[in-house]
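See structure below.
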Amino acid sequence: MSISVWQAALLGIFACLASMPGMGGSVIGNYTLGRPLVGGLVVGIILGDIRTGIIAGAAAQMVYIALVTPGGTVSADVRAVSYIGIPLSVLAIRNMGLSGEAATQMATTMGAAVGTLGTVLFYGTATMNLIWQHMGWSAVEKGDFKKLYLVDMGLPWISHLVCSFLPTFVITLMGAQMVDIIKNYLPMDGLAMKTLFTVGSLLPTVGVAILLKQVVNKAADLLTFFFGFTLAACMGVNLIGAAVIGGFFAVIMYNIKLLQSRKPVVAEGGGAAYDDDEEEI
Amino acid sequence: MAEKKLSKKALSRSFWNWYYGHLTCFSQEHMQTFGYLCAMLPLVEELYETKEEQKEAMQTYTAFFNTEPQLGTVVVGVTAGLEEAKANGEGIDGEVINGIRAGLMGPVAGIGDSLVVGTLIPILLGIAMGLSTGGSPLGAVFYIVAWNVICTLGMRFLYFKGYELGGKAVEFLVGEQAAAIREAISMIGTIVIGAVAASWISITTSLVIIEPSADTVGITLQGTLDSVFPKLLSAVFVILCWFLMSKKKMTPIKVMLLLVVVAFAGVLVGFFDPMLTY
């Protein structure tokens, strides 16, 4: 199996749309086309093997299920994971004849490695957009407001041509040869490949930890995390179940917080009023 | 002078400009500023006749803006309401609007990150991955439909709710009730993240404590750990990463590189072994 010029070009266009910050907008681009599971479907359709595409996509998705970009700091680039990593994984799975666990592990590692290296594409795009923003400022200065649309929605395509389309096109086009080289020089039971696959299993922790950093403000909040962890690990509750149980505790939490914030108002009302209420009960 | 009222058409245009364009021209220096300018432009053009007034109004929105873009739609709606009030001379100026905008950025980003990225998306993806087991496209299709419908309707609702409430939305977003909602939502988020970690992370050790012989079953470290607490290693690694990032202020990339070193050392001493062959 190899990737033709047209297939590589299509992958390149999807990379432009799916990036963070991408030309598809963040709802349809980053959060839909950029999710590796959806990317797996798209890549599967383009390469004519939906099943392998989805398997590779789901595996890469596992690493990035909790991918969050707080304040624009990224730990992985979705265009690289979905439209460079997944096509390469599909090639590797097909050309090395991997299946089952091995196929999943290969896609996980490939996705993570490419995704991490791909952050350079994110910074490249963001830096190149400075040029268009500079043009935007002078347009605002002159009152030439219509130009803002061109700056916000048109010119960034140029950044993506350089930082999304070209890298995806070139790398996926050479993908088949690269897979052959890896296969010949790096045996699966060798130190390099063992490390690579182990890294694949460790990396999802970083994604979860980034999320955790967002919601944990004090050490006691960690207990809430472990509550959810225990639900799934020891009691086999799935994600929907955990969300329902979480929702139940959230309602309790909400009521407690609301009561706490109302307390001072009651005190202001004076002791007498408070006593009257007591007697009535 | 007749009271100025934004037309449905201009509001709709503003909404879609934000919906699509909030991150297309992203840079580290001005993240969503240009998306915001594009969202305000149809409104400013309708509210102010002269170029000078338009220029002055647009100047307000040249200030830095960045938040969680989905929930952040409410901020755009609020400023639409405020801009309308300002055009009608209700004692609001650009500085007031910018103060409110800057004040909302942080709280909205906090709620949005834990609600949208930390809770909604992992739940939808979790269901979708279950549906896609074995390579079925069903899960991916489910995610595409569910996410886009929920998100588009949600953002539209937030925009028009924000516009309707205007300045009053601030009380709703940063008041005591909002703080209680925020705590409650981040509680769901934290619990779900815990479940996500336990469901999708699988770190196992291949270390053997006692080799199995002909008549006895061997003892593996993994088996022992599982009897202490299932998925203990996954939990330990998550906490380690969290500790390094939030207490030691390490960047995610550095933590990832550290994990590569850990994996290499682990493989060398036989702690990790994926046991795969071609």
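Residues are referred to by chain and number: the chain letter is A, B, ... according to the order shown in the structure tokens, the number counts from 1 in that chain, and ligands are numbered separately from 1 in the order shown.
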
Backbone DSSP call of alpha helix (DSSP H) for region 53-244 of chain B, listed as number ranges by chain = B: 53-60, 69-87, 94-112, 121-131, 138-165, 168-174, 176-200, 221-228, 232-244

Find the residues near Gly167 (chain B): any atom within 7 Å, counting only C-alpha atoms, skip ones fewer than 3 places away on the same chain, and give them as a PyMOL selection string.
-> chain B and resi 78+82+170

Selected residues written out, all heavy atoms, as a PDB file, in the first residue's frame:
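Okay, part33.pdb is ready:
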```pdb
ATOM      1  N   VAL B  78     -22.914  39.503  25.089  1.00  0.00           N
ATOM      2  CA  VAL B  78     -23.010  40.560  26.097  1.00  0.00           C
ATOM      3  C   VAL B  78     -22.512  41.883  25.536  1.00  0.00           C
ATOM      4  O   VAL B  78     -23.171  42.925  25.672  1.00  0.00           O
ATOM      5  CB  VAL B  78     -22.202  40.185  27.371  1.00  0.00           C
ATOM      6  CG1 VAL B  78     -22.034  41.401  28.268  1.00  0.00           C
ATOM      7  CG2 VAL B  78     -22.888  39.061  28.121  1.00  0.00           C
ATOM      8  N   LEU B  82     -24.253  45.547  25.107  1.00  0.00           N
ATOM      9  CA  LEU B  82     -23.653  46.750  25.687  1.00  0.00           C
ATOM     10  C   LEU B  82     -23.383  47.814  24.623  1.00  0.00           C
ATOM     11  O   LEU B  82     -23.585  49.010  24.861  1.00  0.00           O
ATOM     12  CB  LEU B  82     -22.341  46.397  26.403  1.00  0.00           C
ATOM     13  CG  LEU B  82     -22.481  45.573  27.685  1.00  0.00           C
ATOM     14  CD1 LEU B  82     -21.110  45.137  28.182  1.00  0.00           C
ATOM     15  CD2 LEU B  82     -23.194  46.367  28.766  1.00  0.00           C
ATOM     16  N   VAL B 170     -23.290  39.761  33.507  1.00  0.00           N
ATOM     17  CA  VAL B 170     -22.062  39.743  34.288  1.00  0.00           C
ATOM     18  C   VAL B 170     -22.328  39.180  35.683  1.00  0.00           C
ATOM     19  O   VAL B 170     -21.627  38.300  36.168  1.00  0.00           O
ATOM     20  CB  VAL B 170     -21.452  41.151  34.402  1.00  0.00           C
ATOM     21  CG1 VAL B 170     -20.237  41.140  35.299  1.00  0.00           C
ATOM     22  CG2 VAL B 170     -21.097  41.671  33.023  1.00  0.00           C
TER      23      VAL B 170
END
```

Tell me, which residues of region 68-272 of chain B carry DSSP strand (DSSP E or B), written as a list of chain:residue names?
-> B:Val208, B:Ile209, B:Ile210, B:Ile219, B:Thr220

Selection near Val96 (chain B), 12 Å with only C-alpha atoms, sequence-local residues under 2 positions removed, as a count of residues only | 19

In Å, how far is it from CA of Leu115 (chain B) to CA of Ala178 (chain B)?
->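 Straight-line distance from CA of Leu115 (chain B) to CA of Ala178 (chain B) works out to 13.5 Å.
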
Looking at only C-alpha atoms, which of B:Met105, B:Leu138, B:Ile111, B:Ile127 is the one that sits closest to Gln214 (chain A)?
->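 Checking each candidate against Gln214 (chain A), we get B:Ile111 as the closest.
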
Two-atom distance - CA of Tyr254 (chain A), CA of Gly189 (chain B) (Å) =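 Distance reported for this atom pair: 13.9 Å.
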
Neighbours of Glu101 (chain A) within 10 Å (only C-alpha atoms; same-chain residues fewer than 3 positions away dropped), as a VMD selection string?
-> (chain A and resid 59 98 104 to 106) or (chain B and resid 274 276)

What would the file look like if the residues just selected were written as a compact mmCIF listing (two decimals), in the first residue's frame with N, CA and C atoms?
```txt
# COMPACT_ATOMS: atom_id res chain seq x y z
N ALA A 59 -7.11 4.56 18.29
CA ALA A 59 -5.90 4.38 19.11
C ALA A 59 -5.25 5.73 19.41
N LEU A 98 0.42 -5.75 10.77
CA LEU A 98 0.08 -5.77 12.20
C LEU A 98 -1.42 -5.97 12.37
N THR A 104 -2.99 -1.32 17.37
CA THR A 104 -3.37 -0.22 18.24
C THR A 104 -2.15 0.49 18.82
N GLN A 105 -1.19 -0.31 19.31
CA GLN A 105 0.02 0.24 19.92
C GLN A 105 0.81 1.06 18.90
N MET A 106 0.90 0.52 17.68
CA MET A 106 1.64 1.23 16.63
C MET A 106 1.01 2.59 16.37
N PRO B 274 6.51 -4.01 26.02
CA PRO B 274 5.23 -4.15 25.32
C PRO B 274 5.03 -5.53 24.70
N LEU B 276 5.88 -7.05 21.78
CA LEU B 276 5.31 -7.10 20.44
C LEU B 276 6.36 -7.62 19.47
```

Take CA of Ala15 (chain A) and CA of Leu41 (chain A) and report the distance between them in Å, one decimal.
->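 These two atoms are separated by 13.8 Å.
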
I want to know what sits within 9 Å of Leu11 (chain A), based on only C-alpha atoms, with residues of the same chain fewer than 2 positions away left out; could you give that as an mmCIF file with C-alpha atoms, in the first residue's frame?
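Contents of out15.cif, as written:
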```cif
data_model
loop_
_atom_site.group_PDB
_atom_site.id
_atom_site.type_symbol
_atom_site.label_atom_id
_atom_site.label_comp_id
_atom_site.auth_asym_id
_atom_site.auth_seq_id
_atom_site.Cartn_x
_atom_site.Cartn_y
_atom_site.Cartn_z
ATOM 1 C CA TRP A 6 -3.990 13.040 -5.061
ATOM 2 C CA GLN A 7 -4.510 11.256 -1.782
ATOM 3 C CA ALA A 8 -1.624 13.204 -0.234
ATOM 4 C CA ALA A 9 -3.091 16.473 -1.537
ATOM 5 C CA ILE A 13 -6.314 20.117 2.561
ATOM 6 C CA PHE A 14 -7.913 18.389 5.538
ATOM 7 C CA ALA A 15 -4.819 19.270 7.593
ATOM 8 C CA CYS A 16 -5.451 22.962 6.781
ATOM 9 C CA VAL A 42 -11.636 10.774 6.879
ATOM 10 C CA VAL A 43 -8.237 9.169 6.312
ATOM 11 C CA ILE A 46 -9.343 8.884 1.387
ATOM 12 C CA TYR A 83 -3.581 13.780 8.950
ATOM 13 C CA ILE A 84 0.113 12.806 9.177
ATOM 14 C CA PRO A 87 -2.049 7.894 7.419
ATOM 15 C CA PHE A 165 -0.513 21.508 3.424
ATOM 16 C CA THR A 168 1.361 16.764 5.232
ATOM 17 C CA PHE A 169 1.674 16.373 1.467
ATOM 18 C CA THR A 172 2.449 11.220 3.591
#
```
